[in-house]
Amino acid sequence: MSIAIEVKNISHNFKDKVVCDNISMDFEEDKIYGLLGKNGAGKSTLINIITNQLICDSGEVKIFGKNPREDVSVLEDVCVVREKEFFDATYKVKDIFKAYSYFYKDYDYKLQDKLCRLFEINKKLVYKKLSRGMKTLVSNIIGICSNAPITIFDEPTIGLDAVNRQEFYNVLLESYMDKNRTIIISTHLINEVEELLEKVLMIKDGKVKVDDYIDEVRDKSHYISGKREDLNRLSILQEMILAKSFGNNKMCAYYGDINNEDFIMIENSDIELDKMSLQDLFINMNKKEEALYEK
Ligand SMILES: Nc1ncnc2c1ncn2[C@@H]1O[C@H](COP(=O)(O)OP(=O)(O)OP(=O)(O)O)[C@@H](O)[C@H]1O
């Protein structure tokens with residue numbers, strides 16, 4: 001397993017707001033990551049730190065083993081696609097493509113033209129005349145065609161209609177199959193990316209809450225429901241999040257392995273154990289601390 005990006009003990013505050021609280025994570029080469037977190041969780045801040053656009057208070061980032069603060073040339077291997085790109089709005093789309101394509105040595109011009117046809121982007125138009133969704137698509141096309149060894153999409157489907165969202169993910173996946181690379185999709189729209197992801201990183205309150213392969217995430221995501229007195233006997237009680245309450249019956253979300261002792265107790269009582277979707281895991285994990293199950 002080779003590491004594309006190593007994030008080591010990153011901390012960053014904006015005044016008294018802690019956005020990254022000693023975050024460490026590795027992004028492996030040639031995998032598709034979901035960087036998930038609710039609005040304001042710190043996804044964009046983390047991306048800015050990784051790409052050297054923001055100097056963090058402490059910690060270190062390495063891209064292919066090199067610190068981008070010491071060797072900016074490693075950033076040539078990184079393409080970041082943002083919702084708001086800072087293109088000169090008076091440029092024609094074709095000139096924007098041309099300008100950006102120079103940055104990436106494996107830029108795929110043929111694919112760019114194919115995607116322009118698919119998404120009906122008129123390259124002769126001045127950028128500012130494009131609709132919001134079209135602007136997003138221009139950025140996404142650059143991201144896909146860059147073929148950069150690390151490509152980061154920060155909220156790539158904002159402003160896109162359902163058809164173009166699906167189409168974008170299809171072409172992204174096709175392009176990834178054609179040329180593996182590390183792809184990071186930062187989003188809070190879980191349902192639409194779930195099928196694409198190989199690894200999931202979930203951040204909350206400046207900390208990493210989930211850092212697992214998608215299959216592990218599915219295996220570790222549970223709903224546990226039953227009568228209060230039965231649930232109270234479980235050793236994982238402190239980590240359970242109250243999802244729903246119907247009188248004496250509770251439904252809790254739990255992320256983790258279920259130990260043998262608890263498993264036997266569940267088997268021998270009226271407690272129900274069900275799978276929880278990634279979307280529900282995200283929702284429950286982002287509940288306020290008060291939602292932790294209490295006796
Ligand atoms: N330049 C800045 N100055 C002050 N506070 C900032 C700055 N940039 C971000 N923040 C704050 O840091 C927190 C994290 O913001 P960030 O944009 O990283 O979140 P995000 O997870 O990308 O959110 P979203 O999904 O809404 O884009 C927010 O509370 C935001 O207000």
# chains A, B, ... in the order shown; residues from 1 in each chain; ligands from 1
$ residues_near_ligand --ligand "ligand 1" --cutoff "12 Å" --atoms "only C-alpha atoms and all ligand atoms" --output "PyMOL selection string"
chain A and resi 12-21+35-49+53-56+82-84+153-156+158+185-190+202-207
$ closest_atom_pairs --of "region 105-212 of chain A" --to "region 75-81 of chain A" --cutoff "12 Å" --atoms "only C-alpha atoms" --output "JSON lines"
{"residue": "A:Lys105", "atom": "CA", "partner": "A:Glu76", "partner_atom": "CA", "distance": 8.6}
{"residue": "A:Asp106", "atom": "CA", "partner": "A:Asp77", "partner_atom": "CA", "distance": 10.0}
{"residue": "A:Tyr107", "atom": "CA", "partner": "A:Cys79", "partner_atom": "CA", "distance": 10.9}
{"residue": "A:Lys135", "atom": "CA", "partner": "A:Val81", "partner_atom": "CA", "distance": 11.4}
{"residue": "A:Thr136", "atom": "CA", "partner": "A:Val81", "partner_atom": "CA", "distance": 9.0}
{"residue": "A:Leu137", "atom": "CA", "partner": "A:Val81", "partner_atom": "CA", "distance": 10.2}
{"residue": "A:Val138", "atom": "CA", "partner": "A:Val81", "partner_atom": "CA", "distance": 9.7}
{"residue": "A:Ser139", "atom": "CA", "partner": "A:Val81", "partner_atom": "CA", "distance": 5.9}
{"residue": "A:Asn140", "atom": "CA", "partner": "A:Val81", "partner_atom": "CA", "distance": 6.5}
{"residue": "A:Ile141", "atom": "CA", "partner": "A:Val81", "partner_atom": "CA", "distance": 9.3}
{"residue": "A:Ile142", "atom": "CA", "partner": "A:Val81", "partner_atom": "CA", "distance": 7.8}
{"residue": "A:Gly143", "atom": "CA", "partner": "A:Val81", "partner_atom": "CA", "distance": 5.9}
{"residue": "A:Ile144", "atom": "CA", "partner": "A:Cys79", "partner_atom": "CA", "distance": 9.2}
{"residue": "A:Cys145", "atom": "CA", "partner": "A:Cys79", "partner_atom": "CA", "distance": 10.0}
{"residue": "A:Ser146", "atom": "CA", "partner": "A:Cys79", "partner_atom": "CA", "distance": 7.0}
{"residue": "A:Asn147", "atom": "CA", "partner": "A:Cys79", "partner_atom": "CA", "distance": 8.4}
{"residue": "A:Ala148", "atom": "CA", "partner": "A:Asp77", "partner_atom": "CA", "distance": 5.3}
{"residue": "A:Pro149", "atom": "CA", "partner": "A:Asp77", "partner_atom": "CA", "distance": 5.5}
{"residue": "A:Ile150", "atom": "CA", "partner": "A:Val78", "partner_atom": "CA", "distance": 4.8}
{"residue": "A:Thr151", "atom": "CA", "partner": "A:Cys79", "partner_atom": "CA", "distance": 4.7}
{"residue": "A:Ile152", "atom": "CA", "partner": "A:Val80", "partner_atom": "CA", "distance": 4.7}
{"residue": "A:Phe153", "atom": "CA", "partner": "A:Val81", "partner_atom": "CA", "distance": 4.7}
{"residue": "A:Asp154", "atom": "CA", "partner": "A:Val81", "partner_atom": "CA", "distance": 6.0}
{"residue": "A:Glu155", "atom": "CA", "partner": "A:Val81", "partner_atom": "CA", "distance": 8.4}
{"residue": "A:Pro156", "atom": "CA", "partner": "A:Val81", "partner_atom": "CA", "distance": 7.3}
{"residue": "A:Thr157", "atom": "CA", "partner": "A:Val81", "partner_atom": "CA", "distance": 10.9}
{"residue": "A:Ile158", "atom": "CA", "partner": "A:Val81", "partner_atom": "CA", "distance": 11.9}
{"residue": "A:Arg181", "atom": "CA", "partner": "A:Asp77", "partner_atom": "CA", "distance": 10.4}
{"residue": "A:Thr182", "atom": "CA", "partner": "A:Val78", "partner_atom": "CA", "distance": 9.5}
{"residue": "A:Ile183", "atom": "CA", "partner": "A:Cys79", "partner_atom": "CA", "distance": 9.6}
{"residue": "A:Ile184", "atom": "CA", "partner": "A:Val80", "partner_atom": "CA", "distance": 9.3}
{"residue": "A:Ile185", "atom": "CA", "partner": "A:Val81", "partner_atom": "CA", "distance": 9.6}
{"residue": "A:Ser186", "atom": "CA", "partner": "A:Val81", "partner_atom": "CA", "distance": 10.1}
$ select_by_dssp --residues "region 22-188 of chain A" --states "alpha helix (DSSP H)" --output "PyMOL selection string"
chain A and resi 43-50+93-101+109-118+132-146+162-178
$ atom_distance --atom1 "CA of Thr90 (chain A)" --atom2 "CA of Asn52 (chain A)"
27.4 Å
$ closest_residue --among "A:Lys209, A:Arg165, A:Arg228, A:Lys244" --to "Gly256 (chain A)" --atoms "only C-alpha atoms"
A:Lys209
$ closest_residue --among "A:Lys94, A:Val193, A:Ile241, A:Lys31" --to "Asn170 (chain A)" --atoms "only C-alpha atoms"
A:Val193
